[in-house]
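Text of the file data.cif, holding mmCIF, C-alpha atoms and all ligand atoms:
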data_final
loop_
_atom_site.label_atom_id
_atom_site.label_comp_id
_atom_site.auth_asym_id
_atom_site.auth_seq_id
_atom_site.Cartn_x
_atom_site.Cartn_y
_atom_site.Cartn_z
CA MET A 1 0.00 0.00 0.00
CA GLU A 2 2.70 2.43 1.07
CA GLU A 3 4.50 1.85 -2.24
CA LEU A 4 1.32 2.42 -4.27
CA LEU A 5 0.62 5.66 -2.45
CA HIS A 6 3.97 7.02 -3.65
CA LYS A 7 4.01 5.48 -7.12
CA ASP A 8 4.54 7.89 -10.02
CA HIS A 9 2.20 6.61 -12.71
CA LEU A 10 -0.64 4.49 -11.37
CA GLN A 11 -1.80 1.65 -13.63
CA LYS A 12 -5.33 0.25 -13.81
CA GLU A 13 -4.60 -2.62 -11.40
CA ASP A 14 -3.09 -0.16 -8.89
CA ILE A 15 -6.17 2.03 -9.12
CA VAL A 16 -8.53 -0.91 -8.63
CA ARG A 17 -6.49 -1.91 -5.59
CA LEU A 18 -6.68 1.61 -4.13
CA LEU A 19 -10.41 1.94 -4.82
CA SER A 20 -10.93 -1.37 -3.03
CA ALA A 21 -9.16 -0.16 0.14
CA THR A 22 -11.16 -0.29 3.37
CA GLY A 23 -10.48 0.43 7.04
CA GLU A 24 -6.89 1.41 7.85
CA GLU A 25 -5.81 1.24 4.19
CA MET A 26 -8.59 3.63 3.18
CA ARG A 27 -7.51 6.02 5.95
CA GLN A 28 -3.91 5.83 4.66
CA LEU A 29 -5.10 6.66 1.14
CA PHE A 30 -7.07 9.65 2.41
CA ALA A 31 -4.13 10.92 4.48
CA ARG A 32 -1.73 10.66 1.52
CA ALA A 33 -4.19 12.43 -0.82
CA LEU A 34 -4.53 15.31 1.65
CA GLU A 35 -0.75 15.52 1.95
CA VAL A 36 -0.41 15.73 -1.86
CA LYS A 37 -3.13 18.36 -2.13
CA LEU A 38 -1.56 20.55 0.56
CA GLN A 39 1.85 20.18 -1.10
CA TYR A 40 0.60 21.33 -4.53
CA LEU A 41 -2.42 23.52 -3.81
CA ASP A 42 -2.08 24.52 -0.17
CA ASN A 43 -5.20 24.61 2.03
CA LYS A 44 -7.09 27.03 -0.23
CA VAL A 45 -10.69 26.43 -1.26
CA HIS A 46 -12.12 28.15 -4.35
CA LEU A 47 -15.76 29.12 -4.70
CA ARG A 48 -18.10 29.12 -7.70
CA GLY A 49 -21.45 30.73 -6.97
CA LEU A 50 -23.91 28.34 -8.61
CA ILE A 51 -26.78 29.76 -10.68
CA GLU A 52 -29.28 27.09 -11.73
CA TYR A 53 -30.52 28.97 -14.76
CA SER A 54 -33.31 26.70 -16.01
CA ASN A 55 -34.72 23.21 -15.49
CA ARG A 56 -36.12 22.97 -19.02
CA CYS A 57 -34.37 20.04 -20.63
CA ARG A 58 -34.49 18.27 -24.00
CA LYS A 59 -32.74 15.19 -22.60
CA SER A 60 -34.17 12.09 -20.92
CA CYS A 61 -31.18 10.90 -18.83
CA LEU A 62 -32.51 7.93 -16.89
CA TYR A 63 -31.18 9.16 -13.51
CA CYS A 64 -32.01 12.87 -13.51
CA GLY A 65 -34.97 14.39 -11.68
CA VAL A 66 -35.33 17.26 -14.18
CA ARG A 67 -35.27 15.01 -17.27
CA GLY A 68 -37.62 16.31 -19.97
CA PRO A 69 -40.28 13.59 -19.61
CA ASN A 70 -40.75 14.13 -15.85
CA ASP A 71 -44.06 15.99 -15.92
CA LYS A 72 -44.14 16.41 -12.12
CA VAL A 73 -41.51 19.14 -12.40
CA HIS A 74 -42.61 22.76 -12.44
CA ARG A 75 -40.45 24.22 -15.23
CA TYR A 76 -38.77 27.61 -14.90
CA THR A 77 -36.12 29.78 -16.53
CA LEU A 78 -34.63 32.67 -14.58
CA THR A 79 -35.23 36.14 -15.96
CA ASP A 80 -32.24 38.20 -17.10
CA GLU A 81 -32.64 40.40 -14.05
CA GLU A 82 -32.61 37.37 -11.72
CA VAL A 83 -29.39 36.10 -13.30
CA LEU A 84 -27.74 39.51 -13.12
CA ASP A 85 -28.85 39.87 -9.49
CA CYS A 86 -27.17 36.54 -8.70
CA ALA A 87 -23.99 37.80 -10.36
CA ARG A 88 -24.14 41.03 -8.33
CA GLN A 89 -24.63 38.97 -5.19
CA ALA A 90 -21.55 36.89 -6.08
CA MET A 91 -19.59 40.16 -6.34
CA GLU A 92 -20.91 41.37 -2.98
CA LEU A 93 -20.06 38.05 -1.33
CA ARG A 94 -16.60 38.24 -3.01
CA TYR A 95 -16.98 34.82 -4.61
CA GLY A 96 -14.73 35.66 -7.57
CA SER A 97 -16.41 33.17 -9.90
CA ILE A 98 -19.86 31.95 -10.83
CA ALA A 99 -21.06 28.78 -12.54
CA ILE A 100 -24.19 28.85 -14.69
CA GLN A 101 -25.80 25.43 -14.92
CA SER A 102 -28.98 24.42 -16.69
CA GLY A 103 -31.04 21.68 -18.22
CA GLU A 104 -29.99 21.24 -21.83
CA ARG A 105 -31.40 23.38 -24.61
CA SER A 106 -29.76 24.00 -27.94
CA ASP A 107 -32.19 26.31 -29.76
CA LYS A 108 -30.83 29.64 -30.96
CA ALA A 109 -33.01 31.71 -28.61
CA PHE A 110 -31.34 29.89 -25.68
CA THR A 111 -27.76 29.93 -26.98
CA ASP A 112 -27.99 33.65 -27.91
CA LYS A 113 -29.50 34.46 -24.52
CA ILE A 114 -26.54 32.81 -22.78
CA THR A 115 -24.10 34.79 -24.93
CA GLU A 116 -25.89 37.99 -23.97
CA LEU A 117 -25.91 37.09 -20.25
CA VAL A 118 -22.23 36.16 -20.25
CA ARG A 119 -21.36 39.51 -21.91
CA GLU A 120 -23.55 41.42 -19.48
CA ILE A 121 -22.05 39.69 -16.41
CA LYS A 122 -18.57 40.47 -17.70
CA ARG A 123 -19.60 44.11 -18.22
CA LEU A 124 -21.29 44.58 -14.85
CA SER A 125 -18.39 42.99 -12.97
CA ASP A 126 -15.80 44.92 -14.98
CA GLY A 127 -14.35 41.60 -16.10
CA LYS A 128 -13.75 40.54 -12.50
CA LEU A 129 -16.14 37.58 -12.21
CA GLY A 130 -14.86 34.33 -13.67
CA ILE A 131 -17.58 32.44 -15.53
CA THR A 132 -17.96 28.66 -15.69
CA LEU A 133 -20.71 27.22 -17.86
CA SER A 134 -22.36 23.83 -17.52
CA LEU A 135 -25.02 23.84 -20.19
CA GLY A 136 -24.66 20.44 -21.75
CA GLU A 137 -23.85 19.43 -25.31
CA GLN A 138 -23.67 22.19 -27.91
CA THR A 139 -22.08 22.67 -31.32
CA GLU A 140 -18.46 23.78 -31.44
CA GLU A 141 -19.70 27.08 -32.90
CA VAL A 142 -21.88 27.73 -29.84
CA TYR A 143 -19.06 26.81 -27.46
CA ARG A 144 -16.86 29.28 -29.38
CA GLN A 145 -19.51 32.00 -29.18
CA TRP A 146 -19.76 31.61 -25.39
CA PHE A 147 -15.97 31.49 -25.00
CA GLU A 148 -15.59 34.69 -27.00
CA ALA A 149 -18.32 36.31 -24.89
CA GLY A 150 -16.15 35.70 -21.81
CA ALA A 151 -16.85 32.25 -20.35
CA HIS A 152 -13.56 30.54 -19.64
CA ARG A 153 -14.43 27.26 -17.92
CA TYR A 154 -16.89 24.55 -18.93
CA LEU A 155 -18.13 21.48 -17.07
CA LEU A 156 -19.49 18.54 -19.03
CA ARG A 157 -19.47 15.29 -17.11
CA ILE A 158 -19.04 12.22 -19.27
CA GLU A 159 -21.22 10.55 -16.57
CA ALA A 160 -19.70 7.12 -17.37
CA SER A 161 -16.66 6.66 -19.60
CA ASN A 162 -17.61 3.06 -20.39
CA GLU A 163 -19.84 3.28 -23.47
CA ALA A 164 -21.88 0.19 -22.50
CA LEU A 165 -22.56 1.62 -19.02
CA TYR A 166 -23.35 5.02 -20.58
CA TYR A 167 -26.18 3.43 -22.54
CA LYS A 168 -27.52 1.70 -19.43
CA ILE A 169 -28.08 5.11 -17.82
CA HIS A 170 -29.16 7.01 -20.95
CA PRO A 171 -31.61 6.11 -23.70
CA HIS A 172 -29.84 4.93 -26.84
CA ASP A 173 -31.09 7.49 -29.37
CA ASP A 174 -29.86 10.50 -31.30
CA ARG A 175 -30.31 12.85 -28.31
CA HIS A 176 -28.07 10.69 -26.11
CA ASP A 177 -24.99 9.82 -28.06
CA PHE A 178 -21.84 8.77 -26.21
CA GLN A 179 -19.55 9.63 -29.13
CA ARG A 180 -21.04 13.10 -29.41
CA ARG A 181 -20.52 13.70 -25.68
CA LEU A 182 -16.88 12.72 -26.11
CA SER A 183 -16.46 14.99 -29.09
CA CYS A 184 -18.04 17.87 -27.13
CA ILE A 185 -15.35 17.43 -24.48
CA ASP A 186 -12.72 17.45 -27.24
CA SER A 187 -14.18 20.65 -28.72
CA LEU A 188 -14.08 22.37 -25.33
CA LEU A 189 -10.46 21.37 -24.82
CA LYS A 190 -9.55 22.51 -28.34
CA LEU A 191 -11.25 25.89 -27.94
CA GLY A 192 -9.16 26.64 -24.85
CA TYR A 193 -11.75 26.31 -22.11
CA GLN A 194 -10.55 25.07 -18.75
CA THR A 195 -12.49 21.90 -19.26
CA GLY A 196 -14.03 19.85 -16.53
CA THR A 197 -15.66 16.48 -16.69
CA GLY A 198 -16.70 13.82 -14.21
CA VAL A 199 -18.91 10.88 -13.35
CA MET A 200 -21.51 9.75 -10.88
CA VAL A 201 -20.30 7.16 -8.39
CA GLY A 202 -22.38 4.20 -7.24
CA LEU A 203 -24.55 3.84 -10.32
CA PRO A 204 -26.43 0.61 -10.91
CA PHE A 205 -24.32 -1.75 -13.08
CA GLN A 206 -21.10 0.20 -12.32
CA THR A 207 -18.05 -1.85 -11.32
CA VAL A 208 -14.81 -0.83 -9.62
CA GLU A 209 -13.08 -1.49 -12.97
CA ASP A 210 -15.42 1.04 -14.60
CA LEU A 211 -14.47 3.58 -11.95
CA ALA A 212 -10.75 2.91 -12.47
CA ASP A 213 -11.30 3.44 -16.22
CA ASP A 214 -13.07 6.73 -15.46
CA LEU A 215 -9.97 7.98 -13.62
CA LEU A 216 -7.73 6.85 -16.48
CA PHE A 217 -10.06 8.66 -18.89
CA PHE A 218 -9.61 11.92 -16.95
CA ARG A 219 -5.83 11.51 -17.07
CA ARG A 220 -5.85 10.66 -20.78
CA LYS A 221 -7.99 13.70 -21.61
CA ASP A 222 -5.72 15.85 -19.49
CA VAL A 223 -8.67 17.83 -18.12
CA ALA A 224 -8.26 20.83 -15.82
CA MET A 225 -11.16 20.07 -13.51
CA VAL A 226 -13.17 17.10 -12.32
CA GLY A 227 -16.53 16.91 -10.55
CA MET A 228 -17.58 13.55 -9.13
CA GLY A 229 -20.45 12.90 -6.78
CA PRO A 230 -22.47 9.97 -5.53
CA PHE A 231 -25.47 8.86 -7.56
CA ILE A 232 -28.67 9.56 -5.61
CA PRO A 233 -31.75 7.75 -6.92
CA HIS A 234 -34.72 9.99 -7.77
CA GLN A 235 -38.13 8.36 -7.46
CA ASP A 236 -39.51 9.93 -10.64
CA THR A 237 -36.80 8.49 -12.90
CA PRO A 238 -36.43 5.08 -14.59
CA LEU A 239 -33.19 4.23 -12.72
CA TYR A 240 -35.10 4.33 -9.44
CA ALA A 241 -36.19 0.77 -10.25
CA TYR A 242 -32.61 -0.29 -9.39
CA ALA A 243 -32.34 1.72 -6.15
CA ASP A 244 -32.22 -1.46 -4.07
CA GLN A 245 -29.33 -2.83 -6.14
CA ILE A 246 -26.80 -0.06 -5.48
CA PRO A 247 -24.33 0.21 -2.58
CA SER A 248 -25.54 1.95 0.62
CA ASP A 249 -25.32 5.74 1.06
CA GLU A 250 -22.20 5.30 3.18
CA GLU A 251 -20.54 3.03 0.62
CA ARG A 252 -21.35 5.37 -2.28
CA LEU A 253 -19.96 8.33 -0.37
CA ASN A 254 -16.83 6.40 0.63
CA MET A 255 -16.29 5.31 -2.96
CA THR A 256 -16.69 8.94 -4.11
CA LEU A 257 -14.07 9.98 -1.53
CA LYS A 258 -11.72 7.23 -2.73
CA MET A 259 -12.19 8.37 -6.33
CA ILE A 260 -11.27 11.95 -5.33
CA ALA A 261 -8.29 10.75 -3.29
CA VAL A 262 -6.87 8.49 -6.02
CA LEU A 263 -7.34 11.17 -8.67
CA ARG A 264 -5.52 13.68 -6.45
CA LEU A 265 -2.55 11.27 -6.47
CA MET A 266 -2.79 10.94 -10.26
CA LEU A 267 -3.40 14.62 -11.14
CA PRO A 268 -2.14 16.70 -8.21
CA GLU A 269 -2.74 20.11 -9.83
CA ILE A 270 -6.30 19.89 -11.14
CA ASN A 271 -9.35 21.49 -9.56
CA MET A 272 -11.76 19.06 -7.97
CA VAL A 273 -15.23 19.84 -6.70
CA ALA A 274 -16.64 18.79 -3.33
CA ALA A 275 -20.14 18.14 -4.68
CA THR A 276 -23.39 19.12 -3.00
CA ALA A 277 -24.43 15.47 -3.45
CA ASP A 278 -21.68 14.54 -0.93
CA GLN A 279 -23.38 16.71 1.66
CA THR A 280 -26.77 15.30 0.77
CA LEU A 281 -25.61 11.83 1.84
CA ASP A 282 -23.68 13.04 4.91
CA PRO A 283 -23.93 16.42 6.67
CA MET A 284 -20.10 16.50 6.69
CA GLY A 285 -19.80 15.17 3.13
CA ARG A 286 -18.28 18.27 1.55
CA GLU A 287 -15.74 18.65 4.36
CA LYS A 288 -14.82 15.00 3.92
CA ALA A 289 -14.28 15.58 0.20
CA ILE A 290 -12.06 18.60 0.92
CA MET A 291 -10.06 16.51 3.40
CA VAL A 292 -9.27 13.87 0.76
CA GLY A 293 -8.27 16.15 -2.11
CA ALA A 294 -11.12 18.35 -3.38
CA ASN A 295 -10.48 22.12 -3.51
CA VAL A 296 -13.64 23.72 -4.98
CA ILE A 297 -17.10 24.32 -3.48
CA MET A 298 -20.14 25.61 -5.34
CA PRO A 299 -22.42 27.53 -2.96
CA ASN A 300 -25.89 27.98 -4.40
CA LEU A 301 -26.94 31.48 -5.53
CA THR A 302 -30.16 30.42 -7.29
CA PRO A 303 -33.11 32.47 -5.98
CA THR A 304 -34.57 30.31 -3.17
CA GLY A 305 -38.04 30.28 -4.80
CA HIS A 306 -36.69 28.21 -7.70
CA ARG A 307 -34.36 25.78 -5.92
CA GLU A 308 -37.08 23.24 -5.14
CA ASP A 309 -37.64 23.00 -8.90
CA TYR A 310 -34.00 22.07 -9.63
CA LEU A 311 -34.05 18.79 -7.74
CA ILE A 312 -31.87 16.62 -9.98
CA TYR A 313 -31.89 14.24 -7.01
CA PRO A 314 -34.04 14.28 -3.83
CA ASP A 315 -33.22 15.98 -0.50
CA LYS A 316 -30.56 18.20 -2.04
CA ALA A 317 -28.50 19.89 0.67
CA CYS A 318 -28.70 23.66 1.33
CA VAL A 319 -31.89 24.16 -0.69
CA GLY A 320 -33.29 26.62 1.87
CA ASP A 321 -30.08 28.52 2.71
CA LYS A 322 -29.82 32.20 1.81
CA PRO A 323 -26.54 33.08 0.04
CA GLU A 324 -25.23 35.27 2.88
CA GLU A 325 -25.94 32.50 5.42
CA CYS A 326 -24.20 30.09 3.11
CA GLN A 327 -21.07 32.24 3.04
CA SER A 328 -20.64 32.44 6.82
CA CYS A 329 -21.53 28.76 7.18
CA LEU A 330 -18.85 27.81 4.66
CA ASP A 331 -16.24 30.02 6.33
CA ILE A 332 -16.88 28.32 9.66
CA ARG A 333 -16.96 24.83 8.15
CA MET A 334 -13.68 25.35 6.27
CA HIS A 335 -11.89 26.87 9.28
CA ALA A 336 -12.97 23.87 11.34
CA ILE A 337 -10.96 21.64 8.99
CA GLN A 338 -7.97 24.02 8.76
CA HIS A 339 -8.86 25.22 5.26
CA GLU A 340 -9.25 28.74 3.99
CA ILE A 341 -11.61 30.14 1.38
CA LEU A 342 -9.91 32.26 -1.25
CA TYR A 343 -12.16 35.27 -1.92
CA ASP A 344 -12.12 37.59 -4.96
CA ALA A 345 -10.20 35.06 -7.05
CA TRP A 346 -11.04 33.11 -10.17
CA GLY A 347 -9.39 30.08 -8.66
CA ASP A 348 -8.16 28.70 -11.95
CA SER A 349 -6.82 25.19 -12.20
CA LEU A 350 -3.06 25.13 -11.58
CA ALA A 351 -2.80 22.26 -14.06
CA PHE A 352 -4.29 24.51 -16.73
CA THR A 353 -2.46 27.74 -15.94
CA LYS A 354 0.92 26.01 -15.87
CA ARG A 355 0.27 24.35 -19.21
CA HIS A 356 -0.78 27.65 -20.77
CA ALA A 357 1.87 29.84 -19.17
CA PRO A 358 3.69 31.95 -21.77
CA THR A 359 7.09 30.53 -22.65
CA VAL A 360 10.23 32.55 -23.41
CA SER A 361 9.69 32.07 -27.15
CA ASP A 362 6.16 33.58 -26.87
N1 LIG B 1 -27.43 19.69 -18.52
C1 LIG B 1 -26.08 19.85 -18.13
C2 LIG B 1 -25.28 18.59 -18.45
O1 LIG B 1 -25.85 17.61 -18.90
O2 LIG B 1 -24.07 18.61 -18.28
C3 LIG B 1 -25.88 20.26 -16.69
C4 LIG B 1 -26.97 19.94 -15.72
S1 LIG B 1 -26.97 18.26 -15.13
C5 LIG B 1 -28.48 18.24 -14.20
C6 LIG B 1 -25.70 18.32 -13.89
C7 LIG B 1 -25.22 16.99 -13.32
O3 LIG B 1 -26.14 16.49 -12.39
C8 LIG B 1 -25.06 15.87 -14.30
O4 LIG B 1 -23.84 15.98 -14.96
C9 LIG B 1 -25.17 14.62 -13.42
O5 LIG B 1 -23.92 14.01 -13.19
C10 LIG B 1 -25.76 15.16 -12.11
N2 LIG B 1 -26.96 14.38 -11.71
C11 LIG B 1 -28.12 14.28 -12.36
N3 LIG B 1 -28.93 13.40 -11.72
C12 LIG B 1 -28.28 12.95 -10.65
C13 LIG B 1 -28.57 11.99 -9.62
N4 LIG B 1 -29.74 11.37 -9.58
N5 LIG B 1 -27.63 11.76 -8.68
C14 LIG B 1 -26.46 12.42 -8.70
N6 LIG B 1 -26.11 13.31 -9.65
C15 LIG B 1 -27.00 13.56 -10.62
#
Represent the structure of the file as structure tokens.
Amino acid sequence: MEELLHKDHLQKEDIVRLLSATGEEMRQLFARALEVKLQYLDNKVHLRGLIEYSNRCRKSCLYCGVRGPNDKVHRYTLTDEEVLDCARQAMELRYGSIAIQSGERSDKAFTDKITELVREIKRLSDGKLGITLSLGEQTEEVYRQWFEAGAHRYLLRIEASNEALYYKIHPHDDRHDFQRRLSCIDSLLKLGYQTGTGVMVGLPFQTVEDLADDLLFFRRKDVAMVGMGPFIPHQDTPLYAYADQIPSDEERLNMTLKMIAVLRLMLPEINMVAATADQTLDPMGREKAIMVGANVIMPNLTPTGHREDYLIYPDKACVGDKPEECQSCLDIRMHAIQHEILYDAWGDSLAFTKRHAPTVSD
């Protein structure tokens, strides 16, 4: 174990071994991952104020509570003024960056609206707010348009890097195409976005080998950011039928933590999110993720009246918290684990900034 925890280039069998660790070995893995994170990234935590822009969605992902066919959901889209108010609030709370997430739409009215909002947020913040987008699959042209408007990071989880597993959790049709999702990630990387991807952990049919392959996929793609969280079954989705066949809440959270820890050993300089889903399964879930290698938290800025409508999974943590309460709560929680929130900063991925640093010949 000790040797593996210090090995330079982990192979698939090493990763499987680490992901299978329990008890004292799991604790050793967590301790080593924290040590590596502190060595490369210090104890700093970056914030992205999350704006859940709309729950209208053209997709039918079999796990997601806001999937298009779920007619129990009350659909909403924030007004321009609501989005800009969230951005102003992020400035006031000194968050440094926001993330705009939404159900997937690809019509021109939607894509142009996002361009306009990105430009407006850049203008009102005098260029100071960093903007991450997480708006699903789009054409390369649309990704370019948003990049040129000022967005500089994009999150598109692959959800499952094993194509066969991907089609067990998505319908197999032209709206859910594994190869297109991959090529979207490639487009984002090519355009120069700090690109993030990720998977859900503890899905039905998912094996530890699948999870090891997911980590190898992140390394192969050389992404700047990764977001991984436990799968949480939603009763109004088709995958709920398998809810009794997945590992327990504790096991899914522990596996998520092991995924974060192993990836921190593999890619010490990337940004990794402590997902809200971690805290949904365990009140200390986000702190636990930070203590095993994560370095980003996404406090929710969505107007409270709309949060109940963005329930991608049930019992989502912090749904009722007001943004200013959230800020002081996070400060206290991070201090309690000897971490410090970095305010007024974009909090870019060190892996990305190093790779794109100007060289002497530039
Ligand atoms: N539409 C965009 C996309 O597809 O990337 C962003 C919104 S989508 C709702 C955000 C993420 O929520 C997905 O990437 C997925 O991993 C996660 N998610 C959806 N349903 C979930 C569930 N039941 N449990 C855990 N995470 C879930």
Coordinates-based distance that separates atom CA of A:Gly103 from atom CA of A:Asn55 (Å, one decimal): 4.8 Å
Which residues are close to A:Leu265, i.e. within 7 Å by all atoms listed in the file, leaving aside same-chain residues fewer than 3 positions away? Reply as a PyMOL selection string. chain A and resi 33+36+261-262+268
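The point (-39.6, 31.2, -7.0) has these residues within 12 Å of it when only C-alpha atoms are used: Ser54, His74, Arg75, Tyr76, Thr77, Leu78, Thr79, Glu82, Thr302, Pro303, Thr304, Gly305, His306, Arg307, Glu308, Asp309, Tyr310 and Gly320 of chain A.
With atom CA of A:Gly229 on one side and atom CA of A:Leu84 on the other, the separation reads 28.3 Å.
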Considering all atoms listed in the file, return as a ChimeraX atom specification whatever protein or nucleic-acid residues lie within 8 Å of A:Ile337, sequence-local ones (same chain, fewer than 2 positions apart) excluded. /A:287,291,333-335,339
Smallest atom-to-atom distance to ligand LIG 1 (chain B): which of A:Arg32, A:Arg220, A:Arg252, A:His172, using all atoms listed in the file? A:Arg252
Find the residues near ligand LIG 1 (chain B). Use a cut-off of 7 Å, count all atoms listed in the file, and write them as a ChimeraX atom specification. /A:63-66,101-104,134-137,155-157,159,199-200,229-234,277,312-313
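In this structure, atom CA of A:Met26 sits 16.2 Å away from atom CA of A:Leu211.
Nearest residue to A:Pro247, choosing from A:Val319, A:Ala357, A:Leu203, A:Leu29 and counting all atoms listed in the file: A:Leu203.
In terms of minimum interatomic distance to A:Leu4, A:Met266 ranks closest within A:Cys61, A:Arg175, A:Met266, A:Leu350, counting only C-alpha atoms.
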List the residues sitting within 9 Å of (-31.7, 12.5, -21.1) in the file's frame, using all atoms listed in the file, as a PyMOL selection string. chain A and resi 57-64+67-69+104+169-171+175-176
Which neighbours of A:Leu34 fall inside 10 Å, counting all atoms listed in the file, when residues of the same chain fewer than 6 positions from it are skipped, and could you give them as a PDB file with C-alpha atoms, keeping the file's coordinate frame?
ATOM      1  CA  GLN A  28      -3.910   5.830   4.660  1.00  0.00           C
ATOM      2  CA  ASP A  42      -2.080  24.520  -0.170  1.00  0.00           C
ATOM      3  CA  ASN A  43      -5.200  24.610   2.030  1.00  0.00           C
ATOM      4  CA  ALA A 261      -8.290  10.750  -3.290  1.00  0.00           C
ATOM      5  CA  ARG A 264      -5.520  13.680  -6.450  1.00  0.00           C
ATOM      6  CA  LEU A 265      -2.550  11.270  -6.470  1.00  0.00           C
ATOM      7  CA  ALA A 289     -14.280  15.580   0.200  1.00  0.00           C
ATOM      8  CA  ILE A 290     -12.060  18.600   0.920  1.00  0.00           C
ATOM      9  CA  MET A 291     -10.060  16.510   3.400  1.00  0.00           C
ATOM     10  CA  VAL A 292      -9.270  13.870   0.760  1.00  0.00           C
ATOM     11  CA  GLY A 293      -8.270  16.150  -2.110  1.00  0.00           C
ATOM     12  CA  ALA A 294     -11.120  18.350  -3.380  1.00  0.00           C
TER      13      ALA A 294
END
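The residue set within 10 Å of A:Glu13, counting only C-alpha atoms and dropping same-chain residues fewer than 6 places from it, reads Leu19, Glu209 and Ala212 of chain A.
Distances from A:Leu47, A:Met284, A:Tyr166, A:Phe218 to A:Ile260 were compared using all atoms listed in the file, and the smallest one belongs to A:Phe218.
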